[in-house]
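Note sheet for the following structure.
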Amino acid sequence: MVELTVVNGTEPFVYGSELQGRGHVTRTDFVVGISMWMLALFAIVFGLINIYVVRMMPMFQNSFGALWMTRTIGEVGANIVHVVYSAPVTIFQPKGIPPFVGIISFTIGLHLACIACVCHQVVSTNRMIAVCFPVNYKNIFTKRVTKIIIIYISVEVTIFMALYFVVPCSIIGYSPKFYEYVFIKCRPDVERNYSLAGTIINRACFCLCFSASIIDVVTLSRIMYITFGKSTLHNNNKNFKRDVRFFGQTSVQNLTMMVSCTLIVIANNGAKRDTVFVSVLAFHTLIVTHLNNSLALILFNPEVRNFLGLHFSWLKTTNPSTSAESIQQQR
């Protein structure tokens, strides 16, 4: 770390000081760190179960399964960063952390989380097309198109992440004392407490999640029309109930993700004490979103519970063979 003296001489400027621990642990540090570690660990465990299920069950050998798998891999990777780095440094609050360590943890964690987020919006679109245009679904989400979409998402997110290092003085890293990814001042004369690139990307993510919510509204409207309207699709198409369950899985994330994105926009990666509560809530809500996604695959699909040998009396079950057969017909 390089020290420079501030013009007024009151205190030295240390690049990356925002990423240092406070040197002692408070009760808040411990509670926030432990809760972060536990949530991230559960998200990893259930995420790995999702990956195993999608990989092994024939019913997910389709476009939906490929997109779900890609999203889950991103979520698991992001939470591994929290378990290995973010949570431990929050719990122990060490000083003398090289700035590049916090920057790398942010870059890897956010990159994977963004891939998962964008991929989920495509999953929402996938479900909308499956419900609204079931006849054309197989022609739209082909194996080739799905691969192209996944590659495009990875490239797109990488380009956006590069903005943090291309736009002047916009780098962000994880801060143990602010419990969040925060802006790192590059010079002592910088008055702003936010990243220009981060401000753009945070708002872009909010708009993306909002658009996914709109897509969910369209899908839900179609489901209601089919269920309660004059459409005969509800009775004649045995894939319909499966599509409704898959829609339920995807819509779960959009609720918690909208909350998280709203809080992230409010905090805007600022290293400020007055937004610490908002930052903690945003950071934890994002992890909870990842956990929700993994649990949704199990809770919404009796075939998955049967495959895993799980039986919950409070969840309605269906004939696994019949449901799986209907899923295969839309592959």
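Each chain in the structure tokens gets a letter, A, B, ..., in the order shown, and its residues are numbered from 1; ligands are numbered from 1 in order too.
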Inset, instruction - List the neighbours of range 142-158 of chain A out to 8 Å using only C-alpha atoms; skip same-chain residues closer than 5 positions along the sequence, and give me the result as a ChimeraX atom specification. - result: /A:62-63,66-67,70,111,114-115,118-119
Inset, instruction - Could you tell me how far CA of Gly198 in chain A lies from CA of Val31 in chain A, in Å and to one decimal? - result: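 Calculated distance between CA of Gly198 in chain A and CA of Val31 in chain A is 27.2 Å.
Of the listed residues (A:Asn126, A:Gln20, A:Asn193, A:Ser213), A:Asn193 comes nearest to Ala271 in chain A; the distances count only C-alpha atoms.
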Inset, instruction - Please identify all polymer residues within 7 Å of Ile215 in chain A, counting only C-alpha atoms, omitting same-chain residues fewer than 5 positions from it, and present them as a PyMOL selection string. - result: chain A and resi 124-125+128
List the spatial neighbours of Val89 in chain A as an mmCIF file with C-alpha atoms, in the first residue's frame - criterion: any atom at most 12 Å away, only C-alpha atoms, same-chain residues fewer than 3 positions off excluded.
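Output below, filename around26.cif:
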```cif
data_model
loop_
_atom_site.group_PDB
_atom_site.id
_atom_site.type_symbol
_atom_site.label_atom_id
_atom_site.label_comp_id
_atom_site.auth_asym_id
_atom_site.auth_seq_id
_atom_site.Cartn_x
_atom_site.Cartn_y
_atom_site.Cartn_z
ATOM 1 C CA LEU A 19 -10.721 -2.851 2.071
ATOM 2 C CA GLN A 20 -8.987 -3.233 5.449
ATOM 3 C CA GLY A 21 -10.487 -4.727 8.592
ATOM 4 C CA ARG A 22 -10.886 -2.585 11.680
ATOM 5 C CA GLY A 23 -8.272 -4.601 13.639
ATOM 6 C CA HIS A 24 -10.727 -5.743 16.276
ATOM 7 C CA VAL A 25 -13.983 -7.640 16.074
ATOM 8 C CA ASP A 29 -18.899 -8.018 12.644
ATOM 9 C CA PHE A 30 -19.313 -11.500 14.065
ATOM 10 C CA VAL A 32 -22.862 -10.376 9.906
ATOM 11 C CA GLY A 33 -19.884 -12.587 9.048
ATOM 12 C CA ILE A 34 -21.361 -15.787 10.487
ATOM 13 C CA MET A 36 -23.024 -14.516 5.521
ATOM 14 C CA TRP A 37 -20.917 -17.657 5.820
ATOM 15 C CA VAL A 81 -15.895 -16.529 -2.831
ATOM 16 C CA HIS A 82 -18.017 -15.521 0.170
ATOM 17 C CA VAL A 83 -17.259 -18.714 2.099
ATOM 18 C CA VAL A 84 -13.523 -18.555 1.375
ATOM 19 C CA TYR A 85 -12.928 -14.804 1.649
ATOM 20 C CA SER A 86 -15.793 -12.349 2.257
ATOM 21 C CA PHE A 92 -11.870 -11.680 11.912
ATOM 22 C CA GLN A 93 -11.441 -8.078 10.623
ATOM 23 C CA PRO A 94 -7.715 -8.373 9.781
ATOM 24 C CA LYS A 95 -5.597 -5.352 8.886
ATOM 25 C CA GLY A 96 -2.861 -5.291 6.289
ATOM 26 C CA ILE A 97 -4.914 -6.977 3.548
ATOM 27 C CA VAL A 101 -7.020 -9.445 -2.740
ATOM 28 C CA GLY A 102 -10.250 -7.576 -2.049
ATOM 29 C CA SER A 105 -12.634 -11.311 -4.693
ATOM 30 C CA TYR A 174 -14.838 -6.199 -0.728
ATOM 31 C CA SER A 175 -14.703 -4.300 2.563
ATOM 32 C CA PRO A 176 -14.835 -6.288 5.851
ATOM 33 C CA LYS A 177 -15.869 -3.234 7.867
ATOM 34 C CA PHE A 178 -18.594 -2.098 5.474
ATOM 35 C CA TYR A 179 -19.782 -5.675 4.787
ATOM 36 C CA GLU A 180 -20.109 -4.969 1.083
#
```
Inset, instruction - Choose the residue, out of A:Ile184, A:His290, A:Thr256, A:Cys205, that has the smallest atom-to-atom separation from Ile73 in chain A; count only C-alpha atoms. - result: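 Smallest separation from Ile73 in chain A among the options: A:His290.
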Legend entry - 8 Å contact set for Cys169 in chain A, only C-alpha atoms, chain neighbours under 3 positions out, as number ranges by chain: A: 165, 184-186, 195-196
Inset, instruction - Report the distance between CA of Ala116 in chain A and CA of Phe64 in chain A in Å, rounded to one decimal place. - result: 13.8 Å
Legend entry - Selected residue of minimal separation from Thr107 in chain A among A:Phe141, A:Phe60, A:Phe42, A:Tyr164, counting only C-alpha atoms: A:Tyr164
Inset, instruction - Determine the nearest neighbour of Cys209 in chain A from the options A:Ile108, A:Met258, A:Leu163, A:Val45, counting only C-alpha atoms. - result: A:Met258
Legend entry - Among the residues A:Gln61, A:Thr227, A:Asn202, A:Ser294, the one that comes closest to Ile264 in chain A [using only C-alpha atoms]: A:Asn202
Legend entry - Members of range 27-206 of chain A assigned helix (DSSP H, G or I) by DSSP, as number ranges by chain: A: 27-56, 58-60, 63-92, 99-132, 137-140, 143-166, 196-206
Legend entry - All strand (DSSP E) positions in range 92-283 of chain A, as a list in words: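 Put together, the selection reads Ile172, Gly173, Tyr174, Ser175, Glu180, Tyr181, Val182 and Phe183 of chain A.
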Inset, instruction - Go through A:Asn79, A:Asn139, A:Asn306, A:Asn269 one by one, measure the shortest atom-to-atom distance of each to Met38 in chain A using only C-alpha atoms, and give the residue with the smallest value. - result: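 Looking only at the distances to Met38 in chain A, the closest residue turns out to be A:Asn79.
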Inset, instruction - Tell me, in Å to one decimal, how far CA of Cys261 in chain A is from CA of Pro168 in chain A. - result: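 Taking CA of Cys261 in chain A as the start and CA of Pro168 in chain A as the end point, the length is 24.0 Å.
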Inset, instruction - Quick one: everything within 6 Å of Gly173 in chain A, counting only C-alpha atoms, minus sequence neighbours fewer than 6 positions away in the same chain. Send it as JSON, numbers by chain. - result: {"A": [102, 103, 106, 181, 182]}
Legend entry - Spatial neighbours of Val53 in chain A, max dist 10 Å, only C-alpha atoms, sep filter under 6 positions, as JSON, numbers by chain: {"A": [47, 59, 60, 65, 69, 297, 298, 304, 305, 307, 308]}
